[in-house]
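Note: the block below is coords07.pdb and it holds PDB, C-alpha atoms.
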```
ATOM      1  CA  MET B   1     -19.759  -0.154 -12.651
ATOM      2  CA  PRO B   2     -16.103   0.872 -13.001
ATOM      3  CA  ILE B   3     -15.538   4.363 -14.363
ATOM      4  CA  SER B   4     -13.444   4.706 -17.494
ATOM      5  CA  ASN B   5      -9.844   5.805 -16.986
ATOM      6  CA  TRP B   6     -10.280   8.890 -19.171
ATOM      7  CA  ALA B   7     -13.468  10.140 -17.516
ATOM      8  CA  LEU B   8     -12.110   9.548 -14.045
ATOM      9  CA  SER B   9      -8.710  11.119 -14.681
ATOM     10  CA  SER B  10     -10.202  14.621 -14.892
ATOM     11  CA  SER B  11     -11.269  14.383 -11.229
ATOM     12  CA  LEU B  12      -7.971  13.108  -9.879
ATOM     13  CA  PRO B  13      -5.500  15.294  -7.974
ATOM     14  CA  PRO B  14      -2.801  16.770 -10.245
ATOM     15  CA  ASN B  15      -0.001  14.635  -8.779
ATOM     16  CA  TRP B  16      -1.882  11.448  -9.764
ATOM     17  CA  ARG B  17      -3.637  12.701 -12.894
ATOM     18  CA  ARG B  18      -0.579  12.997 -15.135
ATOM     19  CA  HIS B  19       0.424   9.409 -14.379
ATOM     20  CA  VAL B  20      -3.045   8.107 -15.221
ATOM     21  CA  HIS B  21      -2.879   9.935 -18.576
ATOM     22  CA  ILE B  22       0.504   8.392 -19.331
ATOM     23  CA  TRP B  23      -0.622   4.881 -18.557
ATOM     24  CA  SER B  24      -3.991   5.275 -20.235
ATOM     25  CA  THR B  25      -2.154   6.377 -23.374
ATOM     26  CA  ALA B  26       0.009   3.269 -23.150
ATOM     27  CA  SER B  27      -3.128   1.172 -22.849
ATOM     28  CA  LEU B  28      -4.655   2.781 -25.933
ATOM     29  CA  CYS B  29      -1.444   2.084 -27.866
ATOM     30  CA  THR B  30      -1.796  -1.548 -26.874
ATOM     31  CA  ILE B  31      -5.369  -1.675 -28.112
ATOM     32  CA  ARG B  32      -4.445  -0.093 -31.437
ATOM     33  CA  ASN B  33      -1.296  -2.089 -32.094
ATOM     34  CA  GLY B  34      -2.121  -5.431 -30.535
ATOM     35  CA  ALA B  35      -1.221  -6.761 -27.088
ATOM     36  CA  ALA B  36       1.635  -9.049 -28.084
ATOM     37  CA  PRO B  37       3.663  -6.447 -30.041
ATOM     38  CA  ALA B  38       3.277  -3.958 -27.193
ATOM     39  CA  ALA B  39       4.592  -6.513 -24.754
ATOM     40  CA  SER B  40       7.583  -7.311 -26.927
ATOM     41  CA  ARG B  41       8.471  -3.634 -27.377
ATOM     42  CA  HIS B  42       8.080  -2.517 -23.767
ATOM     43  CA  GLY B  43       8.841  -5.714 -21.836
ATOM     44  CA  VAL B  44       5.398  -5.768 -20.271
ATOM     45  CA  ASN B  45       1.885  -5.656 -21.693
ATOM     46  CA  CYS B  46       0.799  -2.025 -21.554
ATOM     47  CA  ALA B  47      -2.905  -2.689 -20.995
ATOM     48  CA  SER B  48      -2.251  -5.051 -18.106
ATOM     49  CA  ASN B  49       0.319  -2.714 -16.607
ATOM     50  CA  CYS B  50      -2.070   0.222 -16.908
ATOM     51  CA  HIS B  51      -4.631  -1.623 -14.800
ATOM     52  CA  SER B  52      -1.927  -2.674 -12.341
ATOM     53  CA  PHE B  53      -0.838   0.924 -11.897
ATOM     54  CA  LEU B  54      -4.424   2.016 -11.363
ATOM     55  CA  THR B  55      -4.804  -0.479  -8.495
ATOM     56  CA  ARG B  56      -2.311   1.609  -6.501
ATOM     57  CA  VAL B  57      -3.776   4.939  -7.604
ATOM     58  CA  PHE B  58      -7.346   4.043  -6.687
ATOM     59  CA  TRP B  59      -6.423   2.507  -3.351
ATOM     60  CA  HIS B  60      -4.505   5.623  -2.360
ATOM     61  CA  LEU B  61      -7.369   7.843  -3.459
ATOM     62  CA  GLY B  62      -9.801   5.922  -1.241
ATOM     63  CA  HIS B  63     -11.462   3.574  -3.723
ATOM     64  CA  PRO B  64     -10.401   0.083  -2.566
ATOM     65  CA  ASP B  65     -13.093  -1.766  -4.533
ATOM     66  CA  GLU B  66     -12.309   0.079  -7.754
ATOM     67  CA  ALA B  67      -8.675  -0.827  -7.132
ATOM     68  CA  LEU B  68      -9.660  -4.481  -6.826
ATOM     69  CA  HIS B  69     -11.506  -4.297 -10.144
ATOM     70  CA  HIS B  70      -8.358  -3.023 -11.876
ATOM     71  CA  SER B  71      -6.210  -5.731 -10.305
ATOM     72  CA  GLU B  72      -8.594  -8.370 -11.669
ATOM     73  CA  GLN B  73      -8.416  -6.756 -15.106
ATOM     74  CA  ALA B  74      -4.620  -6.733 -14.985
ATOM     75  CA  ILE B  75      -4.515 -10.445 -14.179
ATOM     76  CA  ALA B  76      -7.063 -11.316 -16.863
ATOM     77  CA  ILE B  77      -5.258  -9.413 -19.619
ATOM     78  CA  ALA B  78      -1.817 -10.742 -18.670
ATOM     79  CA  TRP B  79      -3.034 -14.323 -18.806
ATOM     80  CA  ASP B  80      -4.987 -13.702 -22.002
ATOM     81  CA  VAL B  81      -1.824 -12.622 -23.834
ATOM     82  CA  SER B  82       0.271 -15.352 -22.155
ATOM     83  CA  HIS B  83       3.175 -13.000 -21.523
ATOM     84  CA  PRO B  84       5.152 -14.290 -18.503
ATOM     85  CA  PHE B  85       6.651 -11.033 -17.238
ATOM     86  CA  SER B  86       3.293  -9.258 -17.583
ATOM     87  CA  GLN B  87       1.757 -12.107 -15.596
ATOM     88  CA  GLY B  88       4.357 -11.752 -12.873
ATOM     89  CA  VAL B  89       3.959  -7.977 -12.658
ATOM     90  CA  ALA B  90       0.168  -8.285 -12.461
ATOM     91  CA  LEU B  91       0.502 -10.861  -9.680
ATOM     92  CA  SER B  92       2.886  -8.608  -7.776
ATOM     93  CA  TRP B  93       0.621  -5.557  -7.917
ATOM     94  CA  THR B  94      -2.383  -7.689  -6.979
ATOM     95  CA  THR B  95      -0.534  -9.110  -3.976
ATOM     96  CA  ALA B  96       0.383  -5.567  -2.930
ATOM     97  CA  LEU B  97      -3.253  -4.513  -3.162
ATOM     98  CA  HIS B  98      -4.434  -7.361  -0.938
ATOM     99  CA  GLN B  99      -1.814  -6.324   1.613
ATOM    100  CA  LEU B 100      -2.983  -2.707   1.491
ATOM    101  CA  ARG B 101      -6.579  -3.855   1.921
ATOM    102  CA  GLY B 102      -5.520  -5.798   5.031
ATOM    103  CA  GLU B 103      -6.468  -9.181   3.567
ATOM    104  CA  THR B 104      -3.860 -11.340   5.258
ATOM    105  CA  GLU B 105      -4.849 -14.778   4.002
ATOM    106  CA  ARG B 106      -5.340 -13.542   0.447
ATOM    107  CA  THR B 107      -1.971 -11.770   0.606
ATOM    108  CA  GLN B 108      -0.306 -15.010   1.640
ATOM    109  CA  GLU B 109      -2.044 -16.977  -1.118
ATOM    110  CA  ARG B 110      -1.055 -14.500  -3.815
ATOM    111  CA  ALA B 111       2.492 -14.192  -2.447
ATOM    112  CA  GLU B 112       2.929 -17.969  -2.571
ATOM    113  CA  GLU B 113       1.581 -17.996  -6.124
ATOM    114  CA  LEU B 114       3.888 -15.149  -7.143
ATOM    115  CA  LEU B 115       6.935 -16.761  -5.525
ATOM    116  CA  ALA B 116       6.340 -20.065  -7.305
ATOM    117  CA  PHE B 117       5.732 -18.319 -10.628
ATOM    118  CA  ALA B 118       8.725 -15.976 -10.344
ATOM    119  CA  THR B 119      11.012 -18.836  -9.321
ATOM    120  CA  GLU B 120       9.905 -20.979 -12.267
ATOM    121  CA  GLU B 121      10.237 -18.111 -14.753
ATOM    122  CA  VAL B 122      13.495 -16.877 -13.140
ATOM    123  CA  PHE B 123      12.335 -13.372 -12.218
ATOM    124  CA  PRO B 124      14.398 -12.676  -9.062
ATOM    125  CA  PHE B 125      13.067  -9.109  -8.800
ATOM    126  CA  LEU B 126       9.497 -10.395  -8.490
ATOM    127  CA  ALA B 127      10.497 -13.342  -6.295
ATOM    128  CA  ALA B 128      12.006 -10.894  -3.807
ATOM    129  CA  GLN B 129       8.757  -8.933  -3.635
ATOM    130  CA  ALA B 130       6.847 -12.157  -3.070
ATOM    131  CA  MET B 131       9.120 -12.974  -0.123
ATOM    132  CA  VAL B 132       8.434  -9.567   1.436
ATOM    133  CA  PHE B 133       4.665  -9.968   1.160
ATOM    134  CA  ARG B 134       4.795 -13.560   2.354
ATOM    135  CA  GLY B 135       6.837 -12.503   5.373
ATOM    136  CA  TRP B 136       4.356  -9.749   6.274
ATOM    137  CA  ALA B 137       1.459 -12.205   6.035
ATOM    138  CA  LEU B 138       3.219 -14.782   8.194
ATOM    139  CA  VAL B 139       3.768 -12.194  10.926
ATOM    140  CA  GLU B 140       0.101 -11.214  10.795
ATOM    141  CA  LEU B 141      -0.837 -14.888  11.075
ATOM    142  CA  GLY B 142       1.195 -15.260  14.272
ATOM    143  CA  GLN B 143       4.427 -16.703  12.863
ATOM    144  CA  GLY B 144       6.577 -13.772  13.960
ATOM    145  CA  ASP B 145      10.091 -15.172  13.760
ATOM    146  CA  LYS B 146       9.507 -16.945  10.468
ATOM    147  CA  GLY B 147       7.796 -13.923   8.970
ATOM    148  CA  LEU B 148      10.497 -11.468  10.030
ATOM    149  CA  ALA B 149      13.193 -13.724   8.611
ATOM    150  CA  GLN B 150      11.316 -13.916   5.304
ATOM    151  CA  LEU B 151      10.821 -10.138   5.213
ATOM    152  CA  ARG B 152      14.502  -9.472   5.797
ATOM    153  CA  ALA B 153      15.498 -12.066   3.214
ATOM    154  CA  GLY B 154      13.099 -10.558   0.687
ATOM    155  CA  LEU B 155      14.431  -7.045   1.225
ATOM    156  CA  ALA B 156      18.019  -8.279   0.837
ATOM    157  CA  ALA B 157      17.102 -10.197  -2.326
ATOM    158  CA  TYR B 158      15.338  -7.132  -3.735
ATOM    159  CA  ARG B 159      18.372  -4.947  -3.187
ATOM    160  CA  ALA B 160      20.658  -7.638  -4.612
ATOM    161  CA  THR B 161      18.938  -7.123  -7.971
ATOM    162  CA  GLY B 162      20.082  -3.487  -7.890
ATOM    163  CA  ALA B 163      16.556  -2.222  -7.237
ATOM    164  CA  GLU B 164      15.787   0.557  -4.775
ATOM    165  CA  LEU B 165      12.541   2.066  -6.070
ATOM    166  CA  GLU B 166      10.219   0.489  -3.489
ATOM    167  CA  SER B 167      12.662   0.060  -0.622
ATOM    168  CA  SER B 168      10.762   2.524   1.589
ATOM    169  CA  HIS B 169       7.620   0.421   1.081
ATOM    170  CA  TRP B 170       9.338  -2.842   1.996
ATOM    171  CA  LEU B 171      11.024  -1.191   4.989
ATOM    172  CA  GLY B 172       7.597   0.043   6.055
ATOM    173  CA  LEU B 173       6.266  -3.512   6.004
ATOM    174  CA  LEU B 174       9.271  -4.625   8.056
ATOM    175  CA  ALA B 175       8.587  -1.845  10.579
ATOM    176  CA  ASP B 176       4.931  -2.896  10.698
ATOM    177  CA  ALA B 177       6.061  -6.459  11.420
ATOM    178  CA  CYS B 178       8.342  -5.173  14.184
ATOM    179  CA  LEU B 179       5.355  -3.370  15.691
ATOM    180  CA  GLU B 180       3.283  -6.541  15.530
ATOM    181  CA  THR B 181       6.010  -8.602  17.225
ATOM    182  CA  GLY B 182       6.896  -6.046  19.903
ATOM    183  CA  GLN B 183      10.321  -5.129  18.497
ATOM    184  CA  ALA B 184       9.802  -1.391  18.710
ATOM    185  CA  GLU B 185      13.454  -0.328  18.777
ATOM    186  CA  GLU B 186      14.256  -2.192  15.568
ATOM    187  CA  GLY B 187      11.033  -0.846  14.088
ATOM    188  CA  LEU B 188      12.065   2.751  14.783
ATOM    189  CA  ARG B 189      15.502   2.170  13.259
ATOM    190  CA  THR B 190      13.793   0.725  10.197
ATOM    191  CA  ILE B 191      11.495   3.749   9.941
ATOM    192  CA  ALA B 192      14.500   6.077  10.115
ATOM    193  CA  GLU B 193      16.113   4.174   7.252
ATOM    194  CA  ALA B 194      12.907   4.281   5.224
ATOM    195  CA  LEU B 195      12.439   8.026   5.743
ATOM    196  CA  GLY B 196      16.052   8.535   4.723
ATOM    197  CA  HIS B 197      15.266   6.673   1.506
ATOM    198  CA  VAL B 198      12.254   8.937   0.932
ATOM    199  CA  ALA B 199      14.368  12.059   1.450
ATOM    200  CA  GLN B 200      17.104  10.788  -0.861
ATOM    201  CA  THR B 201      14.917   9.552  -3.705
ATOM    202  CA  GLY B 202      11.788  11.696  -3.519
ATOM    203  CA  ILE B 203       9.660   8.533  -3.687
ATOM    204  CA  VAL B 204       6.909   9.621  -1.312
ATOM    205  CA  TYR B 205       3.923   7.333  -1.925
ATOM    206  CA  TYR B 206       4.522   5.443   1.357
ATOM    207  CA  GLU B 207       5.733   8.439   3.387
ATOM    208  CA  ALA B 208       2.498   9.099   5.294
ATOM    209  CA  GLU B 209       2.312   5.510   6.499
ATOM    210  CA  LEU B 210       5.925   5.607   7.642
ATOM    211  CA  HIS B 211       5.176   8.530   9.949
ATOM    212  CA  ARG B 212       2.045   6.834  11.258
ATOM    213  CA  LEU B 213       3.994   3.669  12.021
ATOM    214  CA  GLU B 214       6.643   5.797  13.728
ATOM    215  CA  GLY B 215       3.987   7.115  16.094
ATOM    216  CA  GLU B 216       2.659   3.636  16.850
ATOM    217  CA  LEU B 217       6.181   2.347  17.481
ATOM    218  CA  ARG B 218       6.951   5.212  19.861
ATOM    219  CA  LEU B 219       3.881   4.349  21.908
ATOM    220  CA  ARG B 220       4.812   0.662  21.866
ATOM    221  CA  LEU B 221       8.317   1.465  23.103
ATOM    222  CA  ASP B 222       7.113   3.949  25.745
ATOM    223  CA  PRO B 223       3.367   4.571  26.263
ATOM    224  CA  ARG B 224       4.286   7.870  27.931
ATOM    225  CA  ASP B 225       5.830   9.211  24.715
ATOM    226  CA  GLU B 226       2.476  10.624  23.645
ATOM    227  CA  GLN B 227       3.736  14.011  22.482
ATOM    228  CA  ARG B 228       6.148  12.644  19.893
ATOM    229  CA  ALA B 229       3.658   9.977  18.833
ATOM    230  CA  GLU B 230       1.019  12.648  18.248
ATOM    231  CA  ALA B 231       3.516  14.682  16.210
ATOM    232  CA  SER B 232       4.138  11.643  14.012
ATOM    233  CA  PHE B 233       0.412  11.032  13.538
ATOM    234  CA  ARG B 234      -0.157  14.690  12.665
ATOM    235  CA  ARG B 235       2.699  14.583  10.172
ATOM    236  CA  ALA B 236       1.177  11.474   8.570
ATOM    237  CA  LEU B 237      -2.197  13.201   8.396
ATOM    238  CA  ASP B 238      -0.730  16.335   6.810
ATOM    239  CA  ILE B 239       1.156  14.354   4.151
ATOM    240  CA  ALA B 240      -1.895  12.247   3.311
ATOM    241  CA  ARG B 241      -4.031  15.356   2.884
ATOM    242  CA  VAL B 242      -1.488  17.077   0.641
ATOM    243  CA  GLN B 243      -1.324  13.932  -1.505
ATOM    244  CA  GLU B 244      -5.126  13.573  -1.377
ATOM    245  CA  ALA B 245      -4.477   9.982  -0.324
ATOM    246  CA  LYS B 246      -7.702   9.198   1.520
ATOM    247  CA  SER B 247      -6.677   5.685   2.538
ATOM    248  CA  TRP B 248      -3.543   6.959   4.282
ATOM    249  CA  GLU B 249      -5.591   9.798   5.783
ATOM    250  CA  LEU B 250      -7.988   7.262   7.267
ATOM    251  CA  ARG B 251      -5.179   5.281   8.872
ATOM    252  CA  ALA B 252      -3.526   8.396  10.296
ATOM    253  CA  ALA B 253      -6.818   9.798  11.583
ATOM    254  CA  THR B 254      -7.631   6.452  13.221
ATOM    255  CA  SER B 255      -4.289   6.324  15.018
ATOM    256  CA  LEU B 256      -4.574   9.931  16.216
ATOM    257  CA  ALA B 257      -8.215   9.538  17.238
ATOM    258  CA  ARG B 258      -7.361   6.409  19.225
ATOM    259  CA  LEU B 259      -4.628   8.282  21.082
ATOM    260  CA  TRP B 260      -6.934  11.209  21.815
ATOM    261  CA  GLY B 261      -9.640   8.830  22.995
ATOM    262  CA  GLU B 262      -7.247   7.200  25.444
ATOM    263  CA  GLN B 263      -6.362  10.699  26.712
ATOM    264  CA  GLY B 264     -10.033  11.428  27.380
ATOM    265  CA  ARG B 265     -10.402  13.755  24.367
ATOM    266  CA  ARG B 266     -13.288  11.737  22.972
ATOM    267  CA  THR B 267     -15.208  14.583  21.355
ATOM    268  CA  ALA B 268     -12.160  15.814  19.468
ATOM    269  CA  ALA B 269     -11.274  12.247  18.479
ATOM    270  CA  TYR B 270     -14.746  11.594  17.098
ATOM    271  CA  GLY B 271     -14.745  14.938  15.314
ATOM    272  CA  LEU B 272     -11.464  14.088  13.611
ATOM    273  CA  LEU B 273     -12.297  10.570  12.483
ATOM    274  CA  ALA B 274     -16.008  10.718  11.646
ATOM    275  CA  PRO B 275     -15.772  12.935   8.537
ATOM    276  CA  VAL B 276     -12.827  10.963   7.152
ATOM    277  CA  TYR B 277     -14.667   7.679   7.595
ATOM    278  CA  GLY B 278     -17.893   9.188   6.255
ATOM    279  CA  TRP B 279     -16.171  10.187   3.019
ATOM    280  CA  PHE B 280     -15.815   6.538   1.940
ATOM    281  CA  THR B 281     -18.544   4.984  -0.160
ATOM    282  CA  GLU B 282     -16.945   1.603  -0.880
ATOM    283  CA  GLY B 283     -14.679  -0.933   0.770
ATOM    284  CA  LEU B 284     -16.590  -0.698   4.034
ATOM    285  CA  ASP B 285     -15.758  -4.347   4.733
ATOM    286  CA  THR B 286     -11.985  -3.780   4.451
ATOM    287  CA  ALA B 287      -9.802  -3.889   7.551
ATOM    288  CA  ASP B 288      -9.025  -0.162   7.826
ATOM    289  CA  LEU B 289     -12.630   0.951   7.475
ATOM    290  CA  LYS B 290     -13.886  -1.695   9.899
ATOM    291  CA  ASP B 291     -11.234  -0.603  12.407
ATOM    292  CA  ALA B 292     -12.240   3.044  12.060
ATOM    293  CA  ASN B 293     -15.942   2.214  12.379
ATOM    294  CA  THR B 294     -15.316   0.187  15.548
ATOM    295  CA  LEU B 295     -13.342   3.054  17.065
ATOM    296  CA  LEU B 296     -16.092   5.529  16.216
ATOM    297  CA  GLY B 297     -18.539   3.290  18.064
ATOM    298  CA  GLU B 298     -16.296   3.315  21.120
ATOM    299  CA  LEU B 299     -15.924   7.119  20.974
ATOM    300  CA  SER B 300     -19.613   7.929  20.530
TER     301      SER B 300
END
```

Take the structure in this file and express it as structure tokens.
Amino acid sequence: MPISNWALSSSLPPNWRRHVHIWSTASLCTIRNGAAPAASRHGVNCASNCHSFLTRVFWHLGHPDEALHHSEQAIAIAWDVSHPFSQGVALSWTTALHQLRGETERTQERAEELLAFATEEVFPFLAAQAMVFRGWALVELGQGDKGLAQLRAGLAAYRATGAELESSHWLGLLADACLETGQAEEGLRTIAEALGHVAQTGIVYYEAELHRLEGELRLRLDPRDEQRAEASFRRALDIARVQEAKSWELRAATSLARLWGEQGRRTAAYGLLAPVYGWFTEGLDTADLKDANTLLGELS
């Protein structure tokens, strides 16, 4: 059963806890004052948005199934109050969660739904996000050129709205797509741009993954560039641990353990990855955890 926001917030790391308190308070205001007035005052239904926010928090903290529960709650509340922008925001966060969970087909389905909805309701900000997610999914499904074009178009459309908040995230997805399609040089340029955005804005929630992708791209460009790739993986691991972001820690540990395994350092690789994987108690059927479990089997 899902844990209540208030009970769970006391166990969260400080850098996440204060945000959960803020959004839980907004949710309580919604309950007290009624969903529709809250939506009209704040532009989005507070209860739905609270659950949407918690999808990202719980995924980062290593609870992918709890995150999925909150995404379902966000969708249900937004549709219950029939508030279009709340519906669009809930769809966007849900699409993002499916992408983080590595659910390619579900990401595509939700992105298509979001794009159609945002186009009909004239929400260009949300339509741009849908294009980014749709592009990522297309690349993963083997439609590299079409997917990359959609990703680039989505990023351009996002910036055309004046938004920059999540640019490092969208650039990270573009770099991931470049890795998937063998365009390592462009991928590394994209990572450099994304890390510049992180440094300029202080928006760090995607920073660990950017460094991990940098390491993977270096190896794709030159398999002999192991030293710099390892430095990138270690940097990703350090950032994830400071943020207590277990899902990013798992990805970074998997990348580093795979490199060590290929170097013949199998014992060290297993020793790095096994405790990180063993920490997880849910989401064992998600892509990242299945990948880590497979690698552990190869290293044992």

### Message
My list of candidates is B:Leu115, B:Ala90, B:Val81, B:Leu273. Which is closest to Thr294 in chain B when distances are computed with all atoms listed in the file?
### Response
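Result for the nearest residue to Thr294 in chain B: B:Leu273.
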
### Spatial neighbours of range 58-63 of chain B, 8 Å, only C-alpha atoms, chain gap at least 2 places, as a list in words
Leu54, Thr55, Arg56, Asp65, Glu66, Ala67, Leu97, Leu100, Glu244, Ala245, Lys246, Ser247, Trp248, Phe280, Glu282 and Gly283 of chain B

Writer output for current selection, C-alpha atoms, as a PDB file, in the coordinates of the input:
```pdb
ATOM      1  CA  LEU B  54      -4.424   2.016 -11.363  1.00  0.00           C
ATOM      2  CA  THR B  55      -4.804  -0.479  -8.495  1.00  0.00           C
ATOM      3  CA  ARG B  56      -2.311   1.609  -6.501  1.00  0.00           C
ATOM      4  CA  ASP B  65     -13.093  -1.766  -4.533  1.00  0.00           C
ATOM      5  CA  GLU B  66     -12.309   0.079  -7.754  1.00  0.00           C
ATOM      6  CA  ALA B  67      -8.675  -0.827  -7.132  1.00  0.00           C
ATOM      7  CA  LEU B  97      -3.253  -4.513  -3.162  1.00  0.00           C
ATOM      8  CA  LEU B 100      -2.983  -2.707   1.491  1.00  0.00           C
ATOM      9  CA  GLU B 244      -5.126  13.573  -1.377  1.00  0.00           C
ATOM     10  CA  ALA B 245      -4.477   9.982  -0.324  1.00  0.00           C
ATOM     11  CA  LYS B 246      -7.702   9.198   1.520  1.00  0.00           C
ATOM     12  CA  SER B 247      -6.677   5.685   2.538  1.00  0.00           C
ATOM     13  CA  TRP B 248      -3.543   6.959   4.282  1.00  0.00           C
ATOM     14  CA  PHE B 280     -15.815   6.538   1.940  1.00  0.00           C
ATOM     15  CA  GLU B 282     -16.945   1.603  -0.880  1.00  0.00           C
ATOM     16  CA  GLY B 283     -14.679  -0.933   0.770  1.00  0.00           C
TER      17      GLY B 283
END
```

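Put simply, CA of Glu209 in chain B is 19.9 Å away from CA of Asp222 in chain B.
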
### Task
Any chance you could resolve the PyMOL selection byres ((chain B and resi 116-120) around 10) against this file and give the residues as a PyMOL selection string?
chain B and resi 84-85+87-89+91-92+110-115+121-130

### Query
Mind listing as a VMD selection string all residues within 8 Å of (-10.1, 6.8, 9.0), counting only C-alpha atoms?
chain B and resid 247 249 to 254 273 to 274 276 to 277 288 to 289 292

### Query
Which residues, written as a ChimeraX atom specification, have at least one atom at most 12 Å from Glu185 in chain B, with only C-alpha atoms counted and residues fewer than 4 positions away on the same chain left out?
/B:175,178-179,181,189-192,214,216-222

Output file for the residues above (C-alpha atoms, as a CSV table (one decimal), in the frame of the given file):
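The resulting file, out_7.csv, is shown below:
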```csv
chain,number,residue,atom,x,y,z
B,175,ALA,CA,8.6,-1.8,10.6
B,178,CYS,CA,8.3,-5.2,14.2
B,179,LEU,CA,5.4,-3.4,15.7
B,181,THR,CA,6.0,-8.6,17.2
B,189,ARG,CA,15.5,2.2,13.3
B,190,THR,CA,13.8,0.7,10.2
B,191,ILE,CA,11.5,3.7,9.9
B,192,ALA,CA,14.5,6.1,10.1
B,214,GLU,CA,6.6,5.8,13.7
B,216,GLU,CA,2.7,3.6,16.8
B,217,LEU,CA,6.2,2.3,17.5
B,218,ARG,CA,7.0,5.2,19.9
B,219,LEU,CA,3.9,4.3,21.9
B,220,ARG,CA,4.8,0.7,21.9
B,221,LEU,CA,8.3,1.5,23.1
B,222,ASP,CA,7.1,3.9,25.7
```

### Task
Specify as number ranges by chain each residue included when the PyMOL selection byres ((chain B and resi 76-78) around 12) is applied to this file.
B: 27, 30-31, 35-36, 39, 44-52, 69-75, 79-91, 94

Restricting it to C-alpha atoms, dump the selection as a tab-separated table (two decimals), keeping the file's coordinate frame.
```
chain	number	residue	atom	x	y	z
B	27	SER	CA	-3.13	1.17	-22.85
B	30	THR	CA	-1.80	-1.55	-26.87
B	31	ILE	CA	-5.37	-1.68	-28.11
B	35	ALA	CA	-1.22	-6.76	-27.09
B	36	ALA	CA	1.64	-9.05	-28.08
B	39	ALA	CA	4.59	-6.51	-24.75
B	44	VAL	CA	5.40	-5.77	-20.27
B	45	ASN	CA	1.88	-5.66	-21.69
B	46	CYS	CA	0.80	-2.02	-21.55
B	47	ALA	CA	-2.90	-2.69	-21.00
B	48	SER	CA	-2.25	-5.05	-18.11
B	49	ASN	CA	0.32	-2.71	-16.61
B	50	CYS	CA	-2.07	0.22	-16.91
B	51	HIS	CA	-4.63	-1.62	-14.80
B	52	SER	CA	-1.93	-2.67	-12.34
B	69	HIS	CA	-11.51	-4.30	-10.14
B	70	HIS	CA	-8.36	-3.02	-11.88
B	71	SER	CA	-6.21	-5.73	-10.30
B	72	GLU	CA	-8.59	-8.37	-11.67
B	73	GLN	CA	-8.42	-6.76	-15.11
B	74	ALA	CA	-4.62	-6.73	-14.98
B	75	ILE	CA	-4.51	-10.44	-14.18
B	79	TRP	CA	-3.03	-14.32	-18.81
B	80	ASP	CA	-4.99	-13.70	-22.00
B	81	VAL	CA	-1.82	-12.62	-23.83
B	82	SER	CA	0.27	-15.35	-22.16
B	83	HIS	CA	3.18	-13.00	-21.52
B	84	PRO	CA	5.15	-14.29	-18.50
B	85	PHE	CA	6.65	-11.03	-17.24
B	86	SER	CA	3.29	-9.26	-17.58
B	87	GLN	CA	1.76	-12.11	-15.60
B	88	GLY	CA	4.36	-11.75	-12.87
B	89	VAL	CA	3.96	-7.98	-12.66
B	90	ALA	CA	0.17	-8.28	-12.46
B	91	LEU	CA	0.50	-10.86	-9.68
B	94	THR	CA	-2.38	-7.69	-6.98
```

### Minimum-distance residue to Leu174 in chain B, chosen among B:Arg224, B:Arg265, B:His211, B:Arg152 (using all atoms listed in the file)
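That would be B:Arg152, the residue with the smallest distance to Leu174 in chain B.
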
### Task
State, in Å with one decimal place, the distance from CA of Lys290 in chain B to CA of Arg106 in chain B.
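Calculated distance between CA of Lys290 in chain B and CA of Arg106 in chain B is 17.4 Å.
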
### Task
Would you mind telling me which residue in B:Ala257, B:Leu195, B:Val132, B:Ala229 lies nearest to Tyr270 in chain B when using all atoms listed in the file?
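So, comparing all the options, the nearest one is B:Ala257.
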
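From CA of Asp225 in chain B back to CA of Ala268 in chain B, the distance works out to 19.9 Å.
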
### Task
Tell me which protein, DNA and RNA residues are within 9 Å of His197 in chain B, counting all atoms listed in the file, leaving out same-chain ones fewer than 5 positions away, and put them as a ChimeraX atom specification.
/B:164,167-168,192,202-203

### Ala208 in chain B surroundings by all atoms listed in the file, 8 Å radius, close-in-sequence under 3 positions cut, as a list in words
Val204, Tyr205, His211, Arg212, Arg235, Ala236, Leu237, Ile239, Ala240, Trp248 and Ala252 of chain B

Output C-alpha atoms for every residue in that selection, as a JSON list (two decimals), in the coordinates of the input.
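Listing of again-v8.json after writing:
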```json
[["chain", "number", "residue", "atom", "x", "y", "z"],
["B", 204, "VAL", "CA", 6.91, 9.62, -1.31],
["B", 205, "TYR", "CA", 3.92, 7.33, -1.92],
["B", 211, "HIS", "CA", 5.18, 8.53, 9.95],
["B", 212, "ARG", "CA", 2.04, 6.83, 11.26],
["B", 235, "ARG", "CA", 2.70, 14.58, 10.17],
["B", 236, "ALA", "CA", 1.18, 11.47, 8.57],
["B", 237, "LEU", "CA", -2.20, 13.20, 8.40],
["B", 239, "ILE", "CA", 1.16, 14.35, 4.15],
["B", 240, "ALA", "CA", -1.90, 12.25, 3.31],
["B", 248, "TRP", "CA", -3.54, 6.96, 4.28],
["B", 252, "ALA", "CA", -3.53, 8.40, 10.30]]
```

### Query
Near range 142-147 of chain B, within 8 Å and counting all atoms listed in the file, which residues show up once chain neighbours fewer than 6 positions away are dropped, as number ranges by chain?
B: 134-136, 177, 181

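Residue nearest Leu151 in chain B, chosen from B:Asp285, B:Asp291, B:Glu262, B:Asp176 and counting only C-alpha atoms: B:Asp176.
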
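With distances restricted to all atoms listed in the file, B:Leu148 is the closest residue to Glu186 in chain B from B:Leu148, B:Val139, B:Ala96, B:Val242.
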
#### Entry: Which of B:Ser232, B:Thr107, B:Thr161, B:Thr201 sits closest to Glu140 in chain B [using all atoms listed in the file]
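Answer, going by the shortest atom-to-atom distance: B:Thr107.
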
Using all atoms of range 253-257 of chain B listed in the file and a margin of 3 Å per side, can you give the axis-aligned box centre and edge lengths in Å to one decimal, as JSON?
```
{"center_x": -6.3, "center_y": 8.1, "center_z": 14.4, "size_x": 9.9, "size_y": 9.6, "size_z": 11.7}
```
